[in-house]
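Chemist: Sharing run.cif, mmCIF, C-alpha atoms and all ligand atoms:
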data_entry
loop_
_atom_site.label_atom_id
_atom_site.label_comp_id
_atom_site.auth_asym_id
_atom_site.auth_seq_id
_atom_site.Cartn_x
_atom_site.Cartn_y
_atom_site.Cartn_z
CA VAL A 1422 75.51 42.56 0.41
CA GLY A 1423 76.85 40.15 3.00
CA LYS A 1424 75.40 37.44 5.21
CA PRO A 1425 71.86 36.43 4.13
CA THR A 1426 71.94 33.03 2.47
CA HIS A 1427 68.35 32.66 1.25
CA ALA A 1428 65.01 34.44 1.44
CA LEU A 1429 61.25 34.14 1.48
CA LEU A 1430 58.78 36.11 -0.51
CA VAL A 1431 55.73 36.77 1.68
CA HIS A 1432 52.64 37.27 -0.47
CA ASP A 1433 49.70 39.51 0.29
CA ASP A 1434 47.56 36.54 1.29
CA GLY A 1435 50.22 35.50 3.82
CA SER A 1436 51.55 32.58 1.74
CA GLU A 1437 55.28 32.20 1.28
CA GLU A 1438 57.57 31.44 -1.66
CA ALA A 1439 61.18 30.38 -1.27
CA VAL A 1440 63.80 32.57 -2.96
CA PRO A 1441 67.00 30.57 -3.14
CA ASP A 1442 69.14 33.25 -4.75
CA VAL A 1443 69.09 36.18 -2.35
CA ALA A 1444 71.44 38.33 -4.38
CA ALA A 1445 69.01 38.18 -7.30
CA GLY A 1446 66.09 38.71 -4.95
CA ILE A 1447 67.50 41.89 -3.50
CA GLY A 1448 68.09 43.35 -6.91
CA ARG A 1449 64.60 42.51 -8.09
CA ASP A 1450 61.63 44.76 -7.76
CA TRP A 1451 59.30 42.54 -5.76
CA ALA A 1452 56.86 45.10 -4.48
CA THR A 1453 55.71 46.12 -7.90
CA GLU A 1454 52.46 47.89 -8.62
CA ASN A 1455 50.60 44.59 -8.33
CA GLU A 1456 52.10 44.08 -4.87
CA ARG A 1457 53.59 40.69 -5.44
CA GLY A 1458 54.93 40.51 -1.94
CA GLN A 1459 57.77 41.24 0.36
CA LEU A 1460 61.20 39.76 0.58
CA GLU A 1461 62.35 38.42 3.94
CA LEU A 1462 66.08 37.73 4.25
CA LEU A 1463 67.18 34.56 6.02
CA TYR A 1464 70.55 33.43 7.37
CA ASP A 1465 72.32 30.20 8.12
CA TYR A 1466 71.30 30.44 11.78
CA ARG A 1467 73.67 29.25 14.50
CA PRO A 1468 74.60 30.51 18.00
CA GLU A 1469 77.74 32.35 16.83
CA LEU A 1470 75.65 34.84 14.88
CA LEU A 1471 74.51 36.37 18.18
CA PRO A 1472 76.99 38.64 19.96
CA SER A 1473 78.89 37.25 22.90
CA GLY A 1474 80.02 39.21 25.95
CA GLN A 1475 78.32 41.92 27.97
CA TRP A 1476 75.71 44.28 26.54
CA HIS A 1477 77.29 47.74 26.46
CA GLY A 1478 74.60 49.73 24.74
CA ASP A 1479 77.01 49.89 21.83
CA GLY A 1480 74.46 50.32 19.10
CA MET A 1481 72.89 48.20 16.42
CA TRP A 1482 76.11 47.26 14.59
CA ARG A 1483 76.65 44.85 17.50
CA TYR A 1484 74.31 42.54 15.53
CA ARG A 1485 76.12 42.85 12.24
CA ASP A 1486 76.44 39.08 11.78
CA LEU A 1487 72.64 39.07 11.41
CA LEU A 1488 72.57 42.09 9.08
CA PRO A 1489 73.01 42.29 5.30
CA LEU A 1490 76.45 43.91 5.53
CA ASP A 1491 79.78 42.89 4.09
CA ASP A 1492 82.93 42.98 6.20
CA ARG A 1493 83.93 46.56 5.51
CA PRO A 1494 84.12 48.86 8.55
CA ILE A 1495 81.00 50.84 9.41
CA SER A 1496 81.32 54.39 8.12
CA TYR A 1497 77.83 55.72 8.90
CA PRO A 1498 78.71 58.44 11.41
CA LEU A 1499 75.65 58.74 13.69
CA PRO A 1500 75.20 56.50 16.73
CA VAL A 1501 72.09 54.34 16.28
CA GLY A 1502 70.45 51.67 18.43
CA GLY A 1503 71.56 50.65 21.91
CA THR A 1504 68.50 52.47 23.23
CA PRO A 1505 67.58 52.17 26.91
CA LEU A 1506 65.17 49.60 28.30
CA ILE A 1507 63.65 51.57 31.13
CA ALA A 1508 62.11 49.98 34.25
CA PRO A 1509 59.81 52.89 35.16
CA PRO A 1510 58.93 52.67 38.89
CA ALA A 1511 56.15 55.29 38.96
CA VAL A 1512 54.47 53.93 35.81
CA ARG A 1513 54.70 50.42 37.23
CA ASP A 1514 53.09 51.63 40.48
CA GLU A 1515 50.35 53.63 38.82
CA LEU A 1516 49.35 50.83 36.47
CA GLY A 1517 50.00 47.91 38.83
CA LEU A 1518 52.45 46.34 36.40
CA PRO A 1519 55.53 45.19 38.34
CA ASN A 1520 57.25 43.76 35.26
CA LEU A 1521 56.78 46.55 32.74
CA TRP A 1522 59.63 47.98 30.67
CA LEU A 1523 59.72 50.80 28.14
CA LYS A 1524 62.05 50.35 25.17
CA ASP A 1525 62.82 54.00 24.51
CA GLU A 1526 63.30 54.29 20.77
CA THR A 1527 63.03 58.09 20.93
CA ARG A 1528 66.81 58.26 21.60
CA GLY A 1529 68.03 58.03 18.01
CA PRO A 1530 69.49 60.92 15.99
CA SER A 1531 66.02 61.99 14.82
CA ALA A 1532 64.10 60.74 17.86
CA SER A 1533 62.27 57.76 16.34
CA ASN A 1534 62.76 54.05 15.74
CA LYS A 1535 63.12 54.86 12.03
CA ASP A 1536 66.77 55.76 12.60
CA ARG A 1537 67.79 52.10 12.63
CA ALA A 1538 66.58 51.38 9.09
CA THR A 1539 67.91 54.71 7.87
CA ALA A 1540 71.36 53.87 9.22
CA LEU A 1541 71.51 50.45 7.58
CA ILE A 1542 70.32 51.69 4.19
CA LEU A 1543 72.78 54.57 4.30
CA GLN A 1544 75.63 52.37 5.45
CA GLN A 1545 74.99 50.24 2.34
CA ALA A 1546 74.57 53.39 0.24
CA MET A 1547 77.80 55.05 1.38
CA THR A 1548 79.82 52.53 -0.56
CA SER A 1549 77.86 53.23 -3.75
CA GLY A 1550 78.20 56.25 -5.98
CA THR A 1551 74.45 56.95 -5.96
CA ARG A 1552 73.86 60.40 -4.51
CA ARG A 1553 70.11 60.44 -3.95
CA VAL A 1554 68.08 58.39 -1.49
CA THR A 1555 64.31 58.43 -1.31
CA CYS A 1556 61.37 57.38 0.80
CA ALA A 1557 57.71 58.10 1.24
CA SER A 1558 56.65 58.83 4.77
CA THR A 1559 53.89 59.77 7.16
CA GLY A 1560 56.57 61.98 8.77
CA ASN A 1561 59.13 60.20 10.90
CA VAL A 1562 60.79 58.11 8.19
CA ALA A 1563 61.36 61.22 6.11
CA VAL A 1564 62.78 63.20 9.03
CA SER A 1565 65.05 60.27 9.82
CA LEU A 1566 66.23 59.94 6.21
CA ALA A 1567 66.79 63.70 5.91
CA VAL A 1568 68.96 63.73 9.05
CA GLY A 1569 70.80 60.51 8.16
CA ALA A 1570 71.44 61.51 4.54
CA ALA A 1571 72.93 64.79 5.71
CA ALA A 1572 75.36 62.85 7.91
CA ALA A 1573 76.17 60.34 5.17
CA GLY A 1574 76.84 62.97 2.52
CA LYS A 1575 73.81 61.95 0.47
CA GLU A 1576 70.81 63.89 -0.76
CA ALA A 1577 67.37 62.93 0.55
CA VAL A 1578 64.29 63.31 -1.64
CA THR A 1579 61.32 62.65 0.62
CA PHE A 1580 57.72 62.18 -0.54
CA VAL A 1581 55.01 63.17 1.92
CA ALA A 1582 51.28 63.81 2.00
CA ALA A 1583 50.28 67.43 1.51
CA ASP A 1584 49.01 67.57 5.11
CA VAL A 1585 52.24 66.28 6.70
CA ALA A 1586 52.81 67.59 10.24
CA ALA A 1587 54.39 71.06 10.05
CA SER A 1588 57.04 70.36 12.68
CA LYS A 1589 58.19 67.21 10.87
CA LEU A 1590 58.30 69.04 7.53
CA ARG A 1591 60.44 71.77 9.08
CA LEU A 1592 62.92 69.21 10.38
CA MET A 1593 63.26 67.63 6.91
CA LEU A 1594 63.91 71.04 5.39
CA GLN A 1595 66.32 72.07 8.11
CA SER A 1596 68.41 69.00 7.30
CA GLY A 1597 68.55 70.01 3.65
CA ALA A 1598 66.14 67.47 2.15
CA THR A 1599 64.15 68.02 -1.02
CA VAL A 1600 60.56 67.44 0.02
CA VAL A 1601 57.92 66.45 -2.52
CA LYS A 1602 54.38 67.08 -1.31
CA VAL A 1603 51.93 64.73 -3.01
CA GLU A 1604 48.18 65.20 -3.30
CA GLY A 1605 46.42 61.92 -2.58
CA GLY A 1606 48.04 61.22 0.78
CA TYR A 1607 50.73 58.82 1.94
CA GLU A 1608 49.68 56.03 -0.44
CA ALA A 1609 50.12 58.28 -3.49
CA ALA A 1610 53.42 59.55 -2.07
CA PHE A 1611 54.57 55.94 -1.67
CA ARG A 1612 53.76 55.06 -5.28
CA LEU A 1613 55.49 58.18 -6.63
CA SER A 1614 58.59 57.70 -4.50
CA ARG A 1615 58.90 54.10 -5.72
CA ALA A 1616 58.36 55.10 -9.33
CA ALA A 1617 60.96 57.89 -9.02
CA ALA A 1618 63.51 55.52 -7.46
CA ARG A 1619 63.06 53.12 -10.38
CA GLU A 1620 63.08 55.82 -13.03
CA PHE A 1621 66.05 57.81 -11.72
CA GLY A 1622 68.08 55.01 -10.13
CA TRP A 1623 67.88 56.40 -6.59
CA ILE A 1624 68.40 54.32 -3.49
CA ASP A 1625 64.96 53.23 -2.25
CA ARG A 1626 64.53 53.29 1.54
CA ASN A 1627 60.82 52.66 1.29
CA THR A 1628 59.27 50.80 4.14
CA GLY A 1629 58.32 47.26 3.25
CA VAL A 1630 60.15 47.43 -0.07
CA ASN A 1631 63.79 47.36 0.83
CA PRO A 1632 64.23 44.20 2.96
CA ALA A 1633 67.14 45.82 4.81
CA THR A 1634 64.67 48.09 6.65
CA VAL A 1635 63.18 45.12 8.51
CA GLU A 1636 66.66 43.73 9.17
CA ALA A 1637 67.54 46.97 10.96
CA LYS A 1638 64.28 47.11 12.88
CA LYS A 1639 64.78 43.61 14.24
CA THR A 1640 67.84 44.80 16.18
CA ALA A 1641 65.48 46.38 18.75
CA ALA A 1642 64.25 42.85 19.57
CA LEU A 1643 67.81 41.56 19.87
CA GLU A 1644 68.59 44.43 22.25
CA ILE A 1645 65.52 43.73 24.43
CA TRP A 1646 66.62 40.11 24.75
CA GLU A 1647 70.13 41.12 25.81
CA GLN A 1648 68.92 43.87 28.13
CA LEU A 1649 66.69 41.39 29.95
CA GLY A 1650 69.72 39.20 30.63
CA ARG A 1651 69.36 37.07 27.50
CA GLU A 1652 65.73 36.23 28.24
CA VAL A 1653 62.77 37.07 26.06
CA PRO A 1654 59.82 38.86 27.72
CA ASP A 1655 56.30 37.38 27.76
CA VAL A 1656 54.68 40.19 25.79
CA VAL A 1657 55.90 42.97 23.49
CA VAL A 1658 53.51 45.77 22.52
CA VAL A 1659 54.10 47.62 19.24
CA PRO A 1660 52.21 50.39 17.40
CA VAL A 1661 51.34 49.33 13.85
CA GLY A 1662 51.02 51.53 10.76
CA ASP A 1663 52.54 49.95 7.66
CA GLY A 1664 53.59 46.96 9.74
CA PRO A 1665 57.41 46.65 9.41
CA THR A 1666 58.13 47.70 13.00
CA LEU A 1667 56.09 44.75 14.27
CA HIS A 1668 57.41 42.49 11.50
CA GLY A 1669 60.97 43.41 12.47
CA MET A 1670 60.28 42.68 16.15
CA ALA A 1671 58.82 39.28 15.27
CA LYS A 1672 61.73 38.43 13.00
CA GLY A 1673 64.28 39.43 15.64
CA PHE A 1674 62.74 37.17 18.27
CA ARG A 1675 62.34 34.30 15.79
CA GLU A 1676 66.03 34.57 14.93
CA ILE A 1677 66.98 34.36 18.61
CA VAL A 1678 65.12 31.05 18.69
CA ALA A 1679 66.64 29.94 15.37
CA CYS A 1680 70.11 30.64 16.77
CA GLY A 1681 69.32 28.37 19.72
CA ALA A 1682 69.30 31.08 22.41
CA SER A 1683 65.62 30.83 23.42
CA GLN A 1684 62.89 28.19 23.33
CA ARG A 1685 60.08 30.64 22.65
CA VAL A 1686 59.14 34.06 21.28
CA PRO A 1687 57.07 36.68 23.14
CA ARG A 1688 53.40 37.25 22.30
CA LEU A 1689 53.16 40.33 20.13
CA VAL A 1690 50.38 42.83 20.70
CA GLY A 1691 49.90 45.06 17.64
CA VAL A 1692 48.17 48.36 18.30
CA GLN A 1693 46.28 50.33 15.66
CA ALA A 1694 44.25 53.53 15.92
CA GLU A 1695 40.48 53.15 16.09
CA GLY A 1696 40.35 55.64 13.24
CA CYS A 1697 42.56 53.51 10.98
CA GLN A 1698 42.72 49.78 11.64
CA PRO A 1699 42.99 47.80 8.39
CA ILE A 1700 45.43 45.25 9.80
CA LYS A 1701 43.48 44.63 12.99
CA HIS A 1702 40.36 44.20 10.86
CA ALA A 1703 42.06 41.61 8.65
CA TRP A 1704 43.27 39.74 11.74
CA GLU A 1705 39.73 39.70 13.18
CA THR A 1706 37.96 38.62 10.02
CA GLY A 1707 40.57 36.34 8.48
CA GLU A 1708 40.22 38.32 5.24
CA ARG A 1709 42.98 40.03 3.27
CA VAL A 1710 44.10 43.46 4.44
CA ARG A 1711 41.78 45.93 2.73
CA PRO A 1712 42.09 49.72 2.48
CA ALA A 1713 40.57 51.55 5.44
CA ILE A 1714 39.70 55.12 6.25
CA SER A 1715 42.25 57.14 8.16
CA ALA A 1716 41.05 59.50 10.87
CA THR A 1717 43.42 59.78 13.82
CA ILE A 1718 45.84 62.24 15.41
CA ALA A 1719 48.53 59.54 15.25
CA ASP A 1720 50.09 60.24 11.83
CA GLY A 1721 52.67 57.43 12.12
CA ILE A 1722 50.00 54.75 12.27
CA ALA A 1723 47.48 56.43 9.95
CA VAL A 1724 48.16 54.09 7.04
CA SER A 1725 45.10 53.15 4.98
CA ARG A 1726 46.83 50.62 2.71
CA PRO A 1727 49.61 49.07 4.77
CA VAL A 1728 52.51 47.62 2.81
CA SER A 1729 53.39 44.91 5.34
CA GLY A 1730 49.89 44.12 6.57
CA ALA A 1731 49.92 40.42 5.64
CA ALA A 1732 53.30 39.90 7.30
CA ALA A 1733 52.11 41.68 10.46
CA VAL A 1734 48.99 39.48 10.72
CA ARG A 1735 51.04 36.35 10.13
CA ASP A 1736 53.60 37.38 12.77
CA VAL A 1737 51.01 38.18 15.44
CA VAL A 1738 49.18 34.90 14.85
CA ARG A 1739 52.41 32.89 14.96
CA SER A 1740 53.43 34.55 18.22
CA GLY A 1741 50.09 33.73 19.87
CA GLY A 1742 49.43 37.46 20.31
CA CYS A 1743 46.63 39.78 19.24
CA PHE A 1744 45.72 43.16 17.80
CA VAL A 1745 43.87 45.88 19.67
CA SER A 1746 42.83 49.39 18.69
CA VAL A 1747 42.82 52.61 20.70
CA SER A 1748 41.10 55.98 20.44
CA ASP A 1749 42.86 59.32 20.15
CA THR A 1750 41.76 60.09 23.72
CA GLN A 1751 43.38 56.89 24.97
CA MET A 1752 46.61 57.85 23.17
CA LEU A 1753 46.62 61.31 24.75
CA ASP A 1754 46.08 59.71 28.15
CA ALA A 1755 48.96 57.31 27.56
CA MET A 1756 51.13 60.30 26.56
CA ARG A 1757 50.22 61.83 29.93
CA ILE A 1758 51.17 58.71 31.89
CA LEU A 1759 54.47 58.36 30.02
CA ALA A 1760 55.35 62.04 30.45
CA THR A 1761 54.22 62.60 34.05
CA ARG A 1762 55.09 59.21 35.53
CA GLY A 1763 57.78 57.87 33.22
CA GLY A 1764 59.70 60.93 32.05
CA VAL A 1765 59.36 59.60 28.53
CA LEU A 1766 58.09 61.98 25.85
CA ALA A 1767 56.02 60.02 23.33
CA GLU A 1768 54.13 61.26 20.30
CA PRO A 1769 50.57 59.94 19.79
CA ALA A 1770 51.54 57.04 17.49
CA ALA A 1771 54.16 55.93 20.02
CA ALA A 1772 51.92 56.31 23.07
CA ALA A 1773 49.39 54.12 21.26
CA ALA A 1774 51.45 51.14 22.41
CA LEU A 1775 50.92 51.85 26.11
CA ALA A 1776 47.28 52.71 25.45
CA GLY A 1777 46.92 49.38 23.65
CA LEU A 1778 48.49 47.52 26.55
CA LEU A 1779 45.83 48.98 28.87
CA VAL A 1780 43.12 47.71 26.50
CA ALA A 1781 44.75 44.28 26.32
CA LEU A 1782 44.97 44.10 30.12
CA GLU A 1783 41.31 45.05 30.50
CA ARG A 1784 40.33 42.30 28.05
CA ARG A 1785 42.58 39.84 29.88
CA LEU A 1786 44.63 39.26 26.75
CA VAL A 1787 47.67 40.13 28.87
CA GLY A 1788 48.17 39.44 32.57
CA ALA A 1789 49.33 42.18 34.97
CA GLY A 1790 52.15 40.01 36.32
CA GLU A 1791 53.65 39.18 32.94
CA ARG A 1792 56.97 40.52 31.72
CA ILE A 1793 55.86 43.20 29.29
CA VAL A 1794 57.90 45.47 27.01
CA VAL A 1795 56.25 48.50 25.41
CA LEU A 1796 58.03 49.94 22.39
CA VAL A 1797 58.05 53.76 22.47
CA THR A 1798 58.67 54.61 18.83
CA GLY A 1799 58.78 58.40 18.56
CA SER A 1800 59.12 61.60 20.57
CA SER A 1801 56.51 64.25 21.36
CA LEU A 1802 59.22 66.86 20.74
CA LYS A 1803 58.24 66.42 17.08
CA THR A 1804 54.50 66.76 17.70
CA PRO A 1805 54.21 69.93 19.80
CA GLU A 1806 50.58 70.34 18.72
CA PHE A 1807 49.61 67.39 20.92
CA LEU A 1808 51.38 68.52 24.09
CA ARG A 1809 48.90 69.00 26.94
CA ALA A 1810 49.53 70.83 30.22
CA HIS A 1811 49.55 68.36 33.09
CA GLY A 1812 51.49 70.74 35.31
CA ARG A 1813 50.62 74.35 36.13
CA VAL A 1814 52.03 77.83 35.82
CA ILE A 1815 52.24 80.02 38.91
CA GLU A 1816 52.81 83.74 38.41
CA VAL A 1817 54.45 85.62 41.28
CA ASP A 1818 56.34 88.88 41.57
CA GLY A 1819 59.45 87.42 43.21
CA ASP A 1820 58.01 87.26 46.72
CA LEU A 1821 58.52 84.04 48.75
CA ASP A 1822 55.32 84.52 50.79
CA ALA A 1823 53.29 84.95 47.62
CA LEU A 1824 54.92 81.78 46.26
CA ARG A 1825 54.06 79.85 49.45
CA GLU A 1826 50.45 80.97 49.18
CA SER A 1827 50.19 80.13 45.49
CA LEU A 1828 51.72 76.68 45.93
CA GLY A 1829 48.90 75.87 48.34
C1 LIG B 1901 56.05 57.06 15.97
C2 LIG B 1901 55.67 55.91 15.11
N1 LIG B 1901 55.23 54.79 15.69
C3 LIG B 1901 54.87 53.72 14.96
C4 LIG B 1901 54.93 53.73 13.59
C5 LIG B 1901 54.45 52.52 12.84
O1 LIG B 1901 55.47 51.82 12.25
P1 LIG B 1901 55.22 50.84 11.02
O2 LIG B 1901 54.81 51.70 9.86
O3 LIG B 1901 56.51 50.17 10.84
O4 LIG B 1901 54.11 49.91 11.40
C6 LIG B 1901 55.39 54.86 12.93
C7 LIG B 1901 55.51 54.90 11.46
O5 LIG B 1901 55.72 55.92 10.86
C8 LIG B 1901 55.76 56.00 13.70
O6 LIG B 1901 56.19 57.13 13.12
#
Using the file provided, produce a representation of the structure as structure tokens.
Ligand SMILES: Cc1ncc(COP(=O)(O)O)c(C=O)c1O

Modeler:
Amino acid sequence: VGKPTHALLVHDDGSEEAVPDVAAGIGRDWATENERGQLELLYDYRPELLPSGQWHGDGMWRYRDLLPLDDRPISYPLPVGGTPLIAPPAVRDELGLPNLWLKDETRGPSASNKDRATALILQQAMTSGTRRVTCASTGNVAVSLAVGAAAAGKEAVTFVAADVAASKLRLMLQSGATVVKVEGGYEAAFRLSRAAAREFGWIDRNTGVNPATVEAKKTAALEIWEQLGREVPDVVVVPVGDGPTLHGMAKGFREIVACGASQRVPRLVGVQAEGCQPIKHAWETGERVRPAISATIADGIAVSRPVSGAAAVRDVVRSGGCFVSVSDTQMLDAMRILATRGGVLAEPAAAAALAGLLVALERRLVGAGERIVVLVTGSSLKTPEFLRAHGRVIEVDGDLDALRESLG
């Protein structure tokens, strides 16, 4: 492992412990059964760690000086990162938000933001002789790892809940993964995947366990900053399940400040589902993150016992932001706006971010004139069961007059 020079261990109660020897820290099993905490890698920050020159959409390896990589050439074969920051005119008009952007993370090899962490873990793994890589997943992480492992010549063993979405399961299997269905839901799958990685010596890509996953996720923040002309936005809205996507965003923006390229970070708005909001609840009450029920169509953010909950609360508070929650109906409506006005196909967990922005605007937590970036984390191509018809079908027998009449 390359650049990180030191680290922090973030405990469940949000407190931090310095870890001077990063190499030892990475090798150690921090997130043990008693959930000791999460390792956060830190660098010797200075301006040269940020890329110079024009943004070319050239992918996340552009930020390699801020990634735990040695100097060997990148051999991971799939293009990852460099996703578009869309200025959507019709969405802006409809919502009255002149400074809204969509960071379209559905453009990766498996159509979700998970492809960044998959790429970094596999890039590290390609230089090791270990054949198997594992993760537990609500769906997208496992699809991403299955696709990435296929490309990297590794074997993915993915652990999922027994009720995992059928379309996501099919994609894992199509890519050749071994899929372990676990009774007891995502939390049980997570524990078993971790135990298997330890027992069998597999590479562990588990969210919130391997600190490299957050390092990869932070590159989306670095891209947003470059795409806005090396300026940070006022607000970034992120859907929150386990928490590392938000944690990665926060870390990315903090590192821009630490490198001397910005004076401030954006306010982060974390969005949870009304049917599963343990992190928002902890933020509201000031208590620890406690297990919650999970009842939502948004599988990606249906996480009852989030691994990175404490870090997500800490990051939102530090940024001056907030958490909001949204109903399934609000997510479906946000999917409609994104699809019919933005041309962006978002699955429910991803559309939750736009739905959450609308809630935050209504509560005046965000102003309509602010520079706002909404992270679109996954594609509705993988959740066909939640596609709704906002257009219409006209049946004609090939006659132009009949067509004219039907069009109305
Ligand atoms: C589409 C989508 N959005 C958001 C998330 C939430 O990300 P995190 O678990 O990092 O909070 C997930 C996680 O699976 C997801 O699949």

Chemist: Residues within 8 Å of ligand LIG 1901 (chain B) (all atoms listed in the file), as a PDB file with C-alpha atoms, in the coordinates of the input?

Modeler:
ATOM      1  CA  SER A1533      62.270  57.760  16.340  1.00  0.00           C
ATOM      2  CA  ASN A1534      62.760  54.050  15.740  1.00  0.00           C
ATOM      3  CA  LYS A1535      63.120  54.860  12.030  1.00  0.00           C
ATOM      4  CA  SER A1558      56.650  58.830   4.770  1.00  0.00           C
ATOM      5  CA  THR A1559      53.890  59.770   7.160  1.00  0.00           C
ATOM      6  CA  GLY A1560      56.570  61.980   8.770  1.00  0.00           C
ATOM      7  CA  ASN A1561      59.130  60.200  10.900  1.00  0.00           C
ATOM      8  CA  VAL A1562      60.790  58.110   8.190  1.00  0.00           C
ATOM      9  CA  THR A1628      59.270  50.800   4.140  1.00  0.00           C
ATOM     10  CA  VAL A1659      54.100  47.620  19.240  1.00  0.00           C
ATOM     11  CA  PRO A1660      52.210  50.390  17.400  1.00  0.00           C
ATOM     12  CA  VAL A1661      51.340  49.330  13.850  1.00  0.00           C
ATOM     13  CA  GLY A1662      51.020  51.530  10.760  1.00  0.00           C
ATOM     14  CA  ASP A1663      52.540  49.950   7.660  1.00  0.00           C
ATOM     15  CA  GLY A1664      53.590  46.960   9.740  1.00  0.00           C
ATOM     16  CA  PRO A1665      57.410  46.650   9.410  1.00  0.00           C
ATOM     17  CA  THR A1666      58.130  47.700  13.000  1.00  0.00           C
ATOM     18  CA  LEU A1667      56.090  44.750  14.270  1.00  0.00           C
ATOM     19  CA  HIS A1668      57.410  42.490  11.500  1.00  0.00           C
ATOM     20  CA  ALA A1719      48.530  59.540  15.250  1.00  0.00           C
ATOM     21  CA  ASP A1720      50.090  60.240  11.830  1.00  0.00           C
ATOM     22  CA  GLY A1721      52.670  57.430  12.120  1.00  0.00           C
ATOM     23  CA  ILE A1722      50.000  54.750  12.270  1.00  0.00           C
ATOM     24  CA  VAL A1724      48.160  54.090   7.040  1.00  0.00           C
ATOM     25  CA  PRO A1727      49.610  49.070   4.770  1.00  0.00           C
ATOM     26  CA  SER A1729      53.390  44.910   5.340  1.00  0.00           C
ATOM     27  CA  ALA A1767      56.020  60.020  23.330  1.00  0.00           C
ATOM     28  CA  GLU A1768      54.130  61.260  20.300  1.00  0.00           C
ATOM     29  CA  PRO A1769      50.570  59.940  19.790  1.00  0.00           C
ATOM     30  CA  ALA A1770      51.540  57.040  17.490  1.00  0.00           C
ATOM     31  CA  ALA A1771      54.160  55.930  20.020  1.00  0.00           C
ATOM     32  CA  VAL A1797      58.050  53.760  22.470  1.00  0.00           C
ATOM     33  CA  THR A1798      58.670  54.610  18.830  1.00  0.00           C
ATOM     34  CA  GLY A1799      58.780  58.400  18.560  1.00  0.00           C
ATOM     35  CA  SER A1800      59.120  61.600  20.570  1.00  0.00           C
TER      36      SER A1800
END

Chemist: For Asp1754 (chain A), which of A:Lys1672, A:His1811, A:Arg1615, A:Lys1602 is the closest residue, counting all atoms listed in the file?

Modeler: A:His1811

Chemist: So the first atom is CA of Gln1698 (chain A) and the second is CA of Ala1773 (chain A); what is the distance between them in Å, to one decimal place?

Modeler: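 Computing the Euclidean distance for CA of Gln1698 (chain A) and CA of Ala1773 (chain A) yields 12.5 Å.
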
Chemist: Quick one, how far is CA of Leu1766 (chain A) from CA of Pro1699 (chain A)?

Modeler: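 Value for the CA of Leu1766 (chain A)-CA of Pro1699 (chain A) distance: 27.1 Å.
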
Chemist: Env of region 1569-1578 of chain A: 7 Å cut, atoms = only C-alpha atoms, seq-sep filter 6 positions within chain, self excluded. Answer as a PDB file with C-alpha atoms, in the coordinates of the input.

Modeler:
ATOM      1  CA  TYR A1497      77.830  55.720   8.900  1.00  0.00           C
ATOM      2  CA  PRO A1498      78.710  58.440  11.410  1.00  0.00           C
ATOM      3  CA  THR A1539      67.910  54.710   7.870  1.00  0.00           C
ATOM      4  CA  ALA A1540      71.360  53.870   9.220  1.00  0.00           C
ATOM      5  CA  LEU A1543      72.780  54.570   4.300  1.00  0.00           C
ATOM      6  CA  MET A1547      77.800  55.050   1.380  1.00  0.00           C
ATOM      7  CA  ARG A1552      73.860  60.400  -4.510  1.00  0.00           C
ATOM      8  CA  ARG A1553      70.110  60.440  -3.950  1.00  0.00           C
ATOM      9  CA  VAL A1554      68.080  58.390  -1.490  1.00  0.00           C
ATOM     10  CA  THR A1555      64.310  58.430  -1.310  1.00  0.00           C
ATOM     11  CA  SER A1596      68.410  69.000   7.300  1.00  0.00           C
ATOM     12  CA  ALA A1598      66.140  67.470   2.150  1.00  0.00           C
ATOM     13  CA  THR A1599      64.150  68.020  -1.020  1.00  0.00           C
ATOM     14  CA  VAL A1600      60.560  67.440   0.020  1.00  0.00           C
TER      15      VAL A1600
END

Chemist: Can you pull out every residue within 9 Å of Tyr1607 (chain A), counting all atoms listed in the file, but drop anything in the same chain fewer than 4 positions away, and send it as a PyMOL selection string?

Modeler: chain A and resi 1557-1559+1580-1583+1585+1603+1611-1612+1723-1725

Chemist: Using all atoms listed in the file, pick whichever of A:Gly1742, A:Ala1546, A:Asp1479, A:Leu1541 has the shortest atom-to-atom distance to Leu1786 (chain A).

Modeler: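 Of the candidates, the smallest distance to Leu1786 (chain A) is held by A:Gly1742.
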
Chemist: Have a look at CA of Gly1669 (chain A) and CA of Asp1584 (chain A) and let me know their distance in Å, one decimal.

Modeler: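 Straight-line distance from CA of Gly1669 (chain A) to CA of Asp1584 (chain A) works out to 27.9 Å.
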
Chemist: Please list as a compact mmCIF listing (two decimals) with C-alpha atoms, in the coordinates of the input every residue within 7 Å of Val1747 (chain A), counting only C-alpha atoms and excluding residues in the same chain fewer than 6 positions away.

Modeler:
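Written output follows (around_38.txt):
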# COMPACT_ATOMS: atom_id res chain seq x y z
CA GLN A 1693 46.28 50.33 15.66
CA ALA A 1694 44.25 53.53 15.92
CA GLU A 1695 40.48 53.15 16.09
CA ALA A 1773 49.39 54.12 21.26
CA ALA A 1776 47.28 52.71 25.45
CA GLY A 1777 46.92 49.38 23.65

Chemist: Counting all atoms listed in the file, which residue out of A:Ala1511, A:Leu1521, A:Cys1680, A:Leu1460 sits closest to Ala1760 (chain A)?

Modeler: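 Counting all atoms listed in the file, the residue closest to Ala1760 (chain A) is A:Ala1511.
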
Chemist: Show me, as a ChimeraX atom specification, the residues that have an atom within 7 Å of Arg1726 (chain A) when counting only C-alpha atoms, minus same-chain residues fewer than 3 positions from it.

Modeler: /A:1608,1711-1713

Chemist: Counting only C-alpha atoms, which of A:Arg1485, A:Arg1591, A:Lys1524, A:His1477 gets nearest to Pro1425 (chain A)?

Modeler: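 Of all the options, A:Arg1485 lies closest to Pro1425 (chain A).
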
Chemist: Would you please work out which residue, of A:Val1501, A:Gly1707, A:Leu1518, A:Leu1782, is nearest to Lys1638 (chain A) when using only C-alpha atoms?

Modeler: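 Distance minimum relative to Lys1638 (chain A) lands on A:Val1501.
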